$ cat data-v3.cif   # mmCIF, C-alpha atoms
data_upload
#
loop_
_atom_site.group_PDB
_atom_site.id
_atom_site.type_symbol
_atom_site.label_atom_id
_atom_site.label_comp_id
_atom_site.auth_asym_id
_atom_site.auth_seq_id
_atom_site.Cartn_x
_atom_site.Cartn_y
_atom_site.Cartn_z
ATOM 1 C CA MET Z 272 21.590 -16.161 3.093
ATOM 2 C CA VAL Z 273 22.145 -12.502 2.244
ATOM 3 C CA ASP Z 274 25.295 -12.374 4.369
ATOM 4 C CA ARG Z 275 26.515 -15.674 2.946
ATOM 5 C CA HIS Z 276 26.311 -14.168 -0.528
ATOM 6 C CA GLY Z 277 28.337 -11.151 0.593
ATOM 7 C CA ILE Z 278 25.555 -8.599 0.043
ATOM 8 C CA ALA Z 279 26.023 -5.515 2.212
ATOM 9 C CA TRP Z 280 22.844 -4.050 3.682
ATOM 10 C CA HIS Z 281 21.660 -1.377 6.108
ATOM 11 C CA GLU Z 282 18.587 -0.589 8.194
ATOM 12 C CA LYS Z 283 16.443 2.495 7.620
ATOM 13 C CA THR Z 284 13.481 3.809 9.575
ATOM 14 C CA LEU Z 285 10.761 1.459 10.783
ATOM 15 C CA GLY Z 286 13.141 -1.514 10.591
ATOM 16 C CA GLN Z 287 13.321 -1.524 6.799
ATOM 17 C CA LEU Z 288 16.375 -3.269 5.330
ATOM 18 C CA PHE Z 289 18.008 -2.129 2.082
ATOM 19 C CA CYS Z 290 20.968 -3.265 0.014
ATOM 20 C CA ASP Z 291 23.956 -0.911 0.228
ATOM 21 C CA GLY Z 292 24.356 -1.383 -3.509
ATOM 22 C CA SER Z 293 21.509 -2.558 -5.744
ATOM 23 C CA ALA Z 294 18.456 -4.769 -5.239
ATOM 24 C CA LYS Z 295 19.685 -6.619 -8.329
ATOM 25 C CA GLN Z 296 22.135 -8.310 -5.972
ATOM 26 C CA VAL Z 297 19.190 -10.084 -4.353
ATOM 27 C CA VAL Z 298 17.979 -11.276 -7.768
ATOM 28 C CA VAL Z 299 21.446 -12.681 -8.497
ATOM 29 C CA MET Z 300 21.461 -14.369 -5.083
ATOM 30 C CA LEU Z 301 18.114 -16.062 -5.746
ATOM 31 C CA MET Z 302 19.174 -17.150 -9.227
ATOM 32 C CA ASP Z 303 22.365 -18.645 -7.789
ATOM 33 C CA GLU Z 304 20.354 -20.510 -5.159
ATOM 34 C CA CYS Z 305 18.050 -21.836 -7.901
ATOM 35 C CA ALA Z 306 21.097 -23.072 -9.781
ATOM 36 C CA VAL Z 307 22.220 -25.001 -6.693
ATOM 37 C CA GLY Z 308 18.773 -26.592 -6.595
ATOM 38 C CA GLN Z 309 19.002 -27.389 -10.320
ATOM 39 C CA ALA Z 310 15.894 -25.390 -11.117
ATOM 40 C CA ALA Z 311 14.957 -25.121 -14.789
ATOM 41 C CA PHE Z 312 13.803 -21.764 -16.194
ATOM 42 C CA ALA Z 313 11.509 -21.064 -19.126
ATOM 43 C CA PHE Z 314 11.567 -17.274 -19.394
ATOM 44 C CA GLY Z 315 9.343 -15.778 -22.053
ATOM 45 C CA ASP Z 316 7.194 -18.867 -22.475
ATOM 46 C CA SER Z 317 3.455 -18.273 -22.400
ATOM 47 C CA ILE Z 318 1.280 -20.795 -20.582
ATOM 48 C CA ALA Z 319 -0.933 -22.532 -23.111
ATOM 49 C CA ASP Z 320 -2.669 -24.995 -20.827
ATOM 50 C CA VAL Z 321 -2.577 -26.452 -17.311
ATOM 51 C CA GLY Z 322 -4.058 -29.875 -16.680
ATOM 52 C CA HIS Z 323 -4.412 -32.283 -13.758
ATOM 53 C CA ALA Z 324 -4.978 -36.014 -14.063
ATOM 54 C CA ASP Z 325 -3.809 -39.220 -12.390
ATOM 55 C CA GLY Z 326 -2.073 -37.332 -9.580
ATOM 56 C CA ALA Z 327 0.068 -35.216 -11.906
ATOM 57 C CA PHE Z 328 -0.047 -31.654 -13.200
ATOM 58 C CA THR Z 329 0.811 -30.903 -16.807
ATOM 59 C CA VAL Z 330 1.793 -27.438 -18.002
ATOM 60 C CA ARG Z 331 2.127 -26.669 -21.710
ATOM 61 C CA HIS Z 332 4.379 -23.632 -22.154
ATOM 62 C CA GLY Z 333 5.907 -22.478 -25.398
ATOM 63 C CA SER Z 334 6.876 -25.572 -27.338
ATOM 64 C CA ARG Z 335 7.419 -27.676 -24.243
ATOM 65 C CA THR Z 336 5.366 -29.641 -21.714
ATOM 66 C CA SER Z 337 6.301 -30.043 -18.048
ATOM 67 C CA THR Z 338 4.822 -32.626 -15.710
ATOM 68 C CA ALA Z 339 5.108 -32.850 -11.918
ATOM 69 C CA PRO Z 340 3.187 -34.167 -8.903
ATOM 70 C CA SER Z 341 2.964 -30.657 -7.453
ATOM 71 C CA LEU Z 342 2.081 -27.255 -8.881
ATOM 72 C CA VAL Z 343 2.737 -23.977 -7.062
ATOM 73 C CA ILE Z 344 0.817 -20.883 -8.148
ATOM 74 C CA ALA Z 345 3.338 -18.091 -7.585
ATOM 75 C CA THR Z 346 2.420 -15.658 -10.346
ATOM 76 C CA GLY Z 347 1.376 -12.742 -8.124
ATOM 77 C CA GLY Z 348 -1.534 -10.374 -8.557
ATOM 78 C CA PRO Z 349 -2.393 -7.741 -11.169
ATOM 79 C CA SER Z 350 -0.522 -4.819 -9.561
ATOM 80 C CA ILE Z 351 1.936 -2.982 -11.853
ATOM 81 C CA PRO Z 352 1.082 -4.640 -15.190
ATOM 82 C CA LYS Z 353 4.005 -2.921 -16.951
ATOM 83 C CA ILE Z 354 6.314 -5.498 -15.336
ATOM 84 C CA GLY Z 355 4.133 -8.353 -16.552
ATOM 85 C CA ALA Z 356 1.617 -8.675 -13.717
ATOM 86 C CA THR Z 357 -1.733 -10.186 -14.702
ATOM 87 C CA GLY Z 358 -4.701 -11.964 -13.143
ATOM 88 C CA PHE Z 359 -3.438 -15.336 -14.405
ATOM 89 C CA ALA Z 360 -3.291 -16.758 -10.869
ATOM 90 C CA TYR Z 361 -7.013 -16.099 -10.424
ATOM 91 C CA ASP Z 362 -7.973 -17.749 -13.717
ATOM 92 C CA LEU Z 363 -5.913 -20.810 -12.858
ATOM 93 C CA SER Z 364 -7.339 -20.981 -9.341
ATOM 94 C CA ARG Z 365 -10.906 -20.818 -10.611
ATOM 95 C CA GLN Z 366 -10.063 -23.670 -12.968
ATOM 96 C CA PHE Z 367 -9.328 -25.786 -9.892
ATOM 97 C CA GLY Z 368 -12.359 -24.589 -7.944
ATOM 98 C CA LEU Z 369 -10.590 -22.203 -5.526
ATOM 99 C CA LYS Z 370 -12.529 -19.187 -4.297
ATOM 100 C CA ILE Z 371 -11.297 -15.705 -5.266
ATOM 101 C CA VAL Z 372 -11.794 -12.723 -2.974
ATOM 102 C CA GLU Z 373 -12.474 -9.692 -5.182
ATOM 103 C CA PRO Z 374 -9.108 -8.079 -6.005
ATOM 104 C CA ARG Z 375 -8.622 -4.318 -5.699
ATOM 105 C CA PRO Z 376 -5.592 -2.002 -5.762
ATOM 106 C CA ALA Z 377 -3.800 -1.395 -2.456
ATOM 107 C CA LEU Z 378 -0.872 0.728 -1.315
ATOM 108 C CA VAL Z 379 -2.009 3.030 -4.100
ATOM 109 C CA PRO Z 380 -2.392 6.825 -4.521
ATOM 110 C CA LEU Z 381 -5.913 8.239 -4.196
ATOM 111 C CA THR Z 382 -7.448 10.640 -6.705
ATOM 112 C CA LEU Z 383 -9.480 13.760 -5.953
ATOM 113 C CA GLY Z 384 -12.224 15.469 -7.952
ATOM 114 C CA GLY Z 385 -15.044 17.960 -7.492
ATOM 115 C CA ASP Z 386 -14.384 20.776 -5.037
ATOM 116 C CA GLU Z 387 -11.240 19.000 -3.843
ATOM 117 C CA VAL Z 388 -9.501 19.514 -7.195
ATOM 118 C CA LEU Z 389 -8.115 22.670 -5.575
ATOM 119 C CA PHE Z 390 -5.734 20.524 -3.549
ATOM 120 C CA ARG Z 391 -4.117 19.225 -6.733
ATOM 121 C CA GLU Z 392 -2.560 22.682 -7.047
ATOM 122 C CA LEU Z 393 -0.410 21.687 -4.067
ATOM 123 C CA SER Z 394 1.336 19.033 -6.172
ATOM 124 C CA GLY Z 395 4.746 18.309 -4.672
ATOM 125 C CA VAL Z 396 3.885 19.492 -1.150
ATOM 126 C CA SER Z 397 4.570 16.912 1.558
ATOM 127 C CA THR Z 398 4.028 16.962 5.328
ATOM 128 C CA GLU Z 399 3.727 14.502 8.206
ATOM 129 C CA VAL Z 400 0.115 13.689 9.051
ATOM 130 C CA VAL Z 401 -2.090 11.002 10.516
ATOM 131 C CA ALA Z 402 -4.265 9.519 7.756
ATOM 132 C CA ASN Z 403 -7.390 7.599 8.760
ATOM 133 C CA ALA Z 404 -9.401 5.179 6.608
ATOM 134 C CA GLY Z 405 -11.884 2.741 8.062
ATOM 135 C CA LYS Z 406 -10.570 1.785 11.487
ATOM 136 C CA ALA Z 407 -6.908 2.198 10.483
ATOM 137 C CA ALA Z 408 -4.672 5.207 11.125
ATOM 138 C CA PHE Z 409 -1.121 5.830 9.933
ATOM 139 C CA ARG Z 410 1.301 8.564 10.932
ATOM 140 C CA GLU Z 411 3.736 9.211 8.115
ATOM 141 C CA ALA Z 412 4.207 11.713 5.306
ATOM 142 C CA ALA Z 413 1.368 12.630 2.956
ATOM 143 C CA LEU Z 414 2.118 13.982 -0.511
ATOM 144 C CA PHE Z 415 -0.158 16.055 -2.709
ATOM 145 C CA THR Z 416 0.075 15.112 -6.398
ATOM 146 C CA HIS Z 417 -1.330 16.424 -9.653
ATOM 147 C CA ARG Z 418 -4.035 13.757 -9.344
ATOM 148 C CA GLY Z 419 -4.727 13.716 -5.621
ATOM 149 C CA LEU Z 420 -3.075 12.228 -2.547
ATOM 150 C CA SER Z 421 -0.074 9.957 -2.113
ATOM 151 C CA GLY Z 422 2.859 9.450 0.249
ATOM 152 C CA PRO Z 423 3.391 6.646 2.788
ATOM 153 C CA SER Z 424 0.457 7.537 5.069
ATOM 154 C CA ILE Z 425 -1.988 7.671 2.156
ATOM 155 C CA LEU Z 426 -0.669 4.482 0.572
ATOM 156 C CA GLN Z 427 -1.105 2.706 3.898
ATOM 157 C CA ALA Z 428 -4.623 4.057 4.365
ATOM 158 C CA SER Z 429 -5.592 3.105 0.805
ATOM 159 C CA SER Z 430 -5.523 -0.581 1.723
ATOM 160 C CA TYR Z 431 -8.434 0.092 4.098
ATOM 161 C CA TRP Z 432 -10.302 2.602 1.927
ATOM 162 C CA ARG Z 433 -13.417 1.640 -0.007
ATOM 163 C CA HIS Z 434 -14.936 3.595 -2.875
ATOM 164 C CA GLY Z 435 -17.422 6.148 -1.576
ATOM 165 C CA GLU Z 436 -15.805 6.394 1.852
ATOM 166 C CA ALA Z 437 -13.927 9.379 3.226
ATOM 167 C CA VAL Z 438 -10.305 9.685 4.306
ATOM 168 C CA ALA Z 439 -9.656 11.909 7.338
ATOM 169 C CA ILE Z 440 -6.300 13.622 7.787
ATOM 170 C CA ASP Z 441 -4.912 15.190 10.944
ATOM 171 C CA PHE Z 442 -2.609 17.895 9.618
ATOM 172 C CA LEU Z 443 -1.231 18.754 13.085
ATOM 173 C CA PRO Z 444 -1.002 15.470 14.996
ATOM 174 C CA ASP Z 445 1.139 16.954 17.773
ATOM 175 C CA ALA Z 446 -1.122 19.940 18.429
ATOM 176 C CA ALA Z 447 -2.681 19.985 21.890
ATOM 177 C CA ARG Z 448 -6.355 20.653 22.334
ATOM 178 C CA GLY Z 449 -7.016 24.394 22.477
ATOM 179 C CA TRP Z 450 -3.839 25.364 20.641
ATOM 180 C CA LEU Z 451 -5.598 27.990 18.522
ATOM 181 C CA ARG Z 452 -7.202 29.603 21.570
ATOM 182 C CA ASP Z 453 -3.788 29.599 23.242
ATOM 183 C CA ALA Z 454 -2.303 31.280 20.175
ATOM 184 C CA LYS Z 455 -5.052 33.895 20.310
ATOM 185 C CA ARG Z 456 -4.165 34.749 23.895
ATOM 186 C CA SER Z 457 -0.400 34.737 23.460
ATOM 187 C CA SER Z 458 -0.314 36.675 20.168
ATOM 188 C CA SER Z 459 -3.538 38.520 19.481
ATOM 189 C CA ARG Z 460 -2.263 39.954 16.196
ATOM 190 C CA ALA Z 461 -1.536 36.534 14.750
ATOM 191 C CA THR Z 462 -3.741 35.246 11.954
ATOM 192 C CA LEU Z 463 -4.740 31.692 11.194
ATOM 193 C CA LYS Z 464 -2.542 31.807 8.104
ATOM 194 C CA SER Z 465 0.522 32.951 10.046
ATOM 195 C CA VAL Z 466 0.019 30.334 12.750
ATOM 196 C CA LEU Z 467 -0.389 27.551 10.174
ATOM 197 C CA ASN Z 468 2.654 28.805 8.257
ATOM 198 C CA SER Z 469 4.750 28.211 11.371
ATOM 199 C CA ALA Z 470 3.750 24.551 11.444
ATOM 200 C CA LEU Z 471 3.051 23.504 7.843
ATOM 201 C CA PRO Z 472 4.500 24.055 4.358
ATOM 202 C CA ALA Z 473 3.506 27.561 3.231
ATOM 203 C CA ARG Z 474 1.396 26.514 0.232
ATOM 204 C CA LEU Z 475 -0.557 24.015 2.297
ATOM 205 C CA ALA Z 476 -0.990 26.468 5.172
ATOM 206 C CA ASP Z 477 -2.330 29.124 2.811
ATOM 207 C CA THR Z 478 -4.793 26.708 1.205
ATOM 208 C CA LEU Z 479 -6.115 25.403 4.518
ATOM 209 C CA ALA Z 480 -6.463 28.916 5.914
ATOM 210 C CA GLU Z 481 -8.367 29.974 2.785
ATOM 211 C CA ARG Z 482 -10.754 27.039 3.093
ATOM 212 C CA LEU Z 483 -11.353 27.708 6.788
ATOM 213 C CA ALA Z 484 -12.222 31.307 5.928
ATOM 214 C CA LEU Z 485 -11.376 32.941 9.258
ATOM 215 C CA SER Z 486 -10.546 36.458 8.147
ATOM 216 C CA GLY Z 487 -8.696 38.935 10.331
ATOM 217 C CA SER Z 488 -6.591 38.220 13.391
ATOM 218 C CA LEU Z 489 -7.201 35.441 15.891
ATOM 219 C CA ALA Z 490 -8.297 38.119 18.357
ATOM 220 C CA ASP Z 491 -11.257 38.804 16.067
ATOM 221 C CA GLN Z 492 -12.448 35.187 16.282
ATOM 222 C CA LYS Z 493 -14.758 33.664 18.826
ATOM 223 C CA ASP Z 494 -13.364 30.709 20.744
ATOM 224 C CA ALA Z 495 -16.082 28.497 19.269
ATOM 225 C CA ALA Z 496 -14.905 29.348 15.738
ATOM 226 C CA LEU Z 497 -11.310 28.536 16.676
ATOM 227 C CA GLU Z 498 -12.366 25.239 18.232
ATOM 228 C CA ASP Z 499 -14.229 24.359 15.031
ATOM 229 C CA ALA Z 500 -11.103 25.153 12.987
ATOM 230 C CA GLU Z 501 -9.071 22.902 15.287
ATOM 231 C CA ARG Z 502 -11.522 20.042 14.781
ATOM 232 C CA ARG Z 503 -11.433 20.418 11.007
ATOM 233 C CA LEU Z 504 -7.624 20.525 10.914
ATOM 234 C CA ALA Z 505 -7.488 17.399 13.105
ATOM 235 C CA ALA Z 506 -9.894 15.467 10.870
ATOM 236 C CA TRP Z 507 -9.854 17.147 7.455
ATOM 237 C CA THR Z 508 -12.177 15.025 5.360
ATOM 238 C CA PHE Z 509 -11.329 14.145 1.784
ATOM 239 C CA HIS Z 510 -13.671 12.183 -0.474
ATOM 240 C CA PRO Z 511 -11.467 10.432 -3.051
ATOM 241 C CA ASN Z 512 -13.223 9.623 -6.320
ATOM 242 C CA GLY Z 513 -10.980 6.632 -6.928
ATOM 243 C CA THR Z 514 -7.409 5.369 -6.970
ATOM 244 C CA GLU Z 515 -4.681 5.360 -9.592
ATOM 245 C CA GLY Z 516 -5.512 1.695 -10.133
ATOM 246 C CA PHE Z 517 -3.432 -1.425 -10.518
ATOM 247 C CA ALA Z 518 -0.984 0.490 -12.713
ATOM 248 C CA LYS Z 519 0.314 2.347 -9.636
ATOM 249 C CA ALA Z 520 -0.708 -0.033 -6.856
ATOM 250 C CA GLU Z 521 2.227 -1.637 -5.071
ATOM 251 C CA VAL Z 522 0.120 -4.627 -4.010
ATOM 252 C CA THR Z 523 -3.339 -6.150 -4.338
ATOM 253 C CA VAL Z 524 -5.992 -6.681 -1.699
ATOM 254 C CA GLY Z 525 -7.905 -9.878 -2.439
ATOM 255 C CA GLY Z 526 -6.933 -12.961 -4.380
ATOM 256 C CA ILE Z 527 -7.052 -16.681 -3.654
ATOM 257 C CA SER Z 528 -9.064 -17.187 -0.473
ATOM 258 C CA THR Z 529 -7.025 -18.321 2.515
ATOM 259 C CA ALA Z 530 -10.018 -20.422 3.557
ATOM 260 C CA ASP Z 531 -9.191 -22.768 0.674
ATOM 261 C CA LEU Z 532 -5.526 -23.167 1.688
ATOM 262 C CA SER Z 533 -3.617 -24.800 4.511
ATOM 263 C CA SER Z 534 -2.076 -22.125 6.754
ATOM 264 C CA GLN Z 535 0.927 -24.399 7.359
ATOM 265 C CA THR Z 536 1.796 -25.645 3.858
ATOM 266 C CA MET Z 537 -0.217 -23.351 1.538
ATOM 267 C CA ALA Z 538 -1.723 -26.490 -0.024
ATOM 268 C CA ALA Z 539 -5.167 -26.306 -1.619
ATOM 269 C CA ARG Z 540 -7.536 -28.226 0.620
ATOM 270 C CA LYS Z 541 -9.538 -29.729 -2.242
ATOM 271 C CA VAL Z 542 -6.806 -30.352 -4.833
ATOM 272 C CA PRO Z 543 -3.897 -32.564 -3.681
ATOM 273 C CA GLY Z 544 -0.541 -31.277 -4.918
ATOM 274 C CA LEU Z 545 -1.736 -27.737 -5.659
ATOM 275 C CA TYR Z 546 -0.267 -24.800 -3.720
ATOM 276 C CA ALA Z 547 -0.624 -21.029 -3.832
ATOM 277 C CA ILE Z 548 1.797 -18.495 -2.352
ATOM 278 C CA GLY Z 549 2.675 -14.824 -2.227
ATOM 279 C CA GLU Z 550 0.728 -12.011 -3.810
ATOM 280 C CA ALA Z 551 -1.646 -14.426 -5.532
ATOM 281 C CA VAL Z 552 -3.184 -15.147 -2.128
ATOM 282 C CA ASP Z 553 -5.571 -12.847 -0.241
ATOM 283 C CA VAL Z 554 -2.922 -11.619 2.192
ATOM 284 C CA THR Z 555 -1.862 -7.975 2.190
ATOM 285 C CA GLY Z 556 0.784 -6.276 4.321
ATOM 286 C CA TRP Z 557 1.760 -2.724 5.149
ATOM 287 C CA LEU Z 558 4.548 -0.778 3.514
ATOM 288 C CA GLY Z 559 8.021 -1.702 4.662
ATOM 289 C CA GLY Z 560 8.672 -5.128 3.190
ATOM 290 C CA TYR Z 561 5.795 -7.044 4.756
ATOM 291 C CA ASN Z 562 4.490 -8.192 1.379
ATOM 292 C CA PHE Z 563 7.934 -9.446 0.404
ATOM 293 C CA GLN Z 564 8.144 -11.211 3.755
ATOM 294 C CA TRP Z 565 4.798 -12.886 3.115
ATOM 295 C CA ALA Z 566 5.897 -14.009 -0.347
ATOM 296 C CA TRP Z 567 9.122 -15.505 0.999
ATOM 297 C CA ALA Z 568 7.537 -17.048 4.102
ATOM 298 C CA SER Z 569 4.648 -18.636 2.209
ATOM 299 C CA GLY Z 570 7.069 -19.848 -0.464
ATOM 300 C CA TRP Z 571 9.282 -21.397 2.203
ATOM 301 C CA ALA Z 572 6.268 -23.118 3.793
ATOM 302 C CA ALA Z 573 5.213 -24.669 0.500
ATOM 303 C CA GLY Z 574 8.793 -25.515 -0.371
ATOM 304 C CA GLN Z 575 9.154 -27.734 2.679
ATOM 305 C CA VAL Z 576 6.545 -30.168 1.367
ATOM 306 C CA VAL Z 577 6.559 -30.105 -2.433
#
$ encode --input "data-v3.cif" --output "structure tokens"
Amino acid sequence: MVDRHGIAWHEKTLGQLFCDGSAKQVVVMLMDECAVGQAAFAFGDSIADVGHADGAFTVRHGSRTSTAPSLVIATGGPSIPKIGATGFAYDLSRQFGLKIVEPRPALVPLTLGGDEVLFRELSGVSTEVVANAGKAAFREAALFTHRGLSGPSILQASSYWRHGEAVAIDFLPDAARGWLRDAKRSSSRATLKSVLNSALPARLADTLAERLALSGSLADQKDAALEDAERRLAAWTFHPNGTEGFAKAEVTVGGISTADLSSQTMAARKVPGLYAIGEAVDVTGWLGGYNFQWAWASGWAAGQVV
């Protein structure tokens, strides 16, 4: 469809596809396809009421009323409210007896407090790490912000993080075991700070070296102390005090329970003619377009039968 509409695109890392020009071209494409299907739009209308009787759904919006045998809930989740996102899908689903899995922000920056406020001073510093939360691990860039932690690896990990849990970061994922002891033997005058500066951004290296508190040269350190430093750098534990919330979350974990929907048509099992798709449903993907893919795929599945 994209090629048919003459939209040029290219592939970036991790198989991500982008328009050569503007994403607005995709919006125009979808609007043109809707026109072919003679879809009617009612932009700006607020939903006053949704009813269901005698096999038909009735939606009162603005000054009009629409009636149809099928109703598709495609209003997304509460992430990024400044573009109009709300929890409307959940309210409507509860009205029809569908179960809601507790929504929470995902693909969202994490905030730091307490003793870890020090790391906020690194705002703007970015480096490739492995971020671990729960049983998930992601190797991509991490970014320190004025509020805490962000960047692709942190956003990915945030989908698996729960309040009160820790996030572990490997700052040197390519370092072999014993690398600090090897550095001690090959360059006895080297310090932890100088060794870290050769592998990490200077501000981050200085901060980590300060927190590890190994003063003097590596030659002055016992191997056990160096091994402990290695372990800490490979699993530096942060204890986020929260996230930046739905305002900054790219997606939502939770939503309409998949147990109440057909996996083939997205139809509600208990309400004939009712469907739910996309972000409104409790399906969450990684960064890289997976959530868009889910929205389109689930929409296509429902569209084959409504």
$ residues_around --input "data-v3.cif" --residues "Trp507 of chain Z" --least-positions-apart "4" --cutoff "9 Å" --atoms "all atoms listed in the file" --output "PyMOL selection string"
chain Z and resi 438-442+502-503
$ closest_residue --input "data-v3.cif" --among "Z:Ser469, Z:Ser569, Z:Gln564, Z:Gln575" --to "Leu288 of chain Z" --atoms "only C-alpha atoms"
Z:Gln564
$ resolve_selection --input "data-v3.cif" --expression "the PyMOL selection byres ((chain Z and resi 485) around 10)" --output "mmCIF file with C-alpha atoms, keeping the file's coordinate frame"
data_model
loop_
_atom_site.group_PDB
_atom_site.id
_atom_site.type_symbol
_atom_site.label_atom_id
_atom_site.label_comp_id
_atom_site.auth_asym_id
_atom_site.auth_seq_id
_atom_site.Cartn_x
_atom_site.Cartn_y
_atom_site.Cartn_z
ATOM 1 C CA THR Z 462 -3.741 35.246 11.954
ATOM 2 C CA LEU Z 463 -4.740 31.692 11.194
ATOM 3 C CA LYS Z 464 -2.542 31.807 8.104
ATOM 4 C CA ALA Z 480 -6.463 28.916 5.914
ATOM 5 C CA GLU Z 481 -8.367 29.974 2.785
ATOM 6 C CA ARG Z 482 -10.754 27.039 3.093
ATOM 7 C CA LEU Z 483 -11.353 27.708 6.788
ATOM 8 C CA ALA Z 484 -12.222 31.307 5.928
ATOM 9 C CA SER Z 486 -10.546 36.458 8.147
ATOM 10 C CA GLY Z 487 -8.696 38.935 10.331
ATOM 11 C CA SER Z 488 -6.591 38.220 13.391
ATOM 12 C CA LEU Z 489 -7.201 35.441 15.891
ATOM 13 C CA ASP Z 491 -11.257 38.804 16.067
ATOM 14 C CA GLN Z 492 -12.448 35.187 16.282
ATOM 15 C CA ALA Z 496 -14.905 29.348 15.738
ATOM 16 C CA LEU Z 497 -11.310 28.536 16.676
ATOM 17 C CA ALA Z 500 -11.103 25.153 12.987
#
$ residues_around --input "data-v3.cif" --residues "Phe328 of chain Z" --least-positions-apart "5" --cutoff "12 Å" --atoms "all atoms listed in the file" --output "number ranges by chain"
Z: 320-323, 336-344, 367, 542-546
$ atom_distance --input "data-v3.cif" --atom1 "atom CA of Pro352 of chain Z" --atom2 "atom CA of Leu383 of chain Z"
23.1 Å
$ atom_distance --input "data-v3.cif" --atom1 "atom CA of Ala538 of chain Z" --atom2 "atom CA of Val299 of chain Z"
28.3 Å
$ resolve_selection --input "data-v3.cif" --expression "the PyMOL selection byres ((chain Z and resi 515) around 9)" --output "list of chain:residue names"
Z:Pro376, Z:Val379, Z:Pro380, Z:Leu381, Z:Thr382, Z:Arg418, Z:Gly513, Z:Thr514, Z:Gly516, Z:Phe517, Z:Ala518, Z:Lys519, Z:Ala520
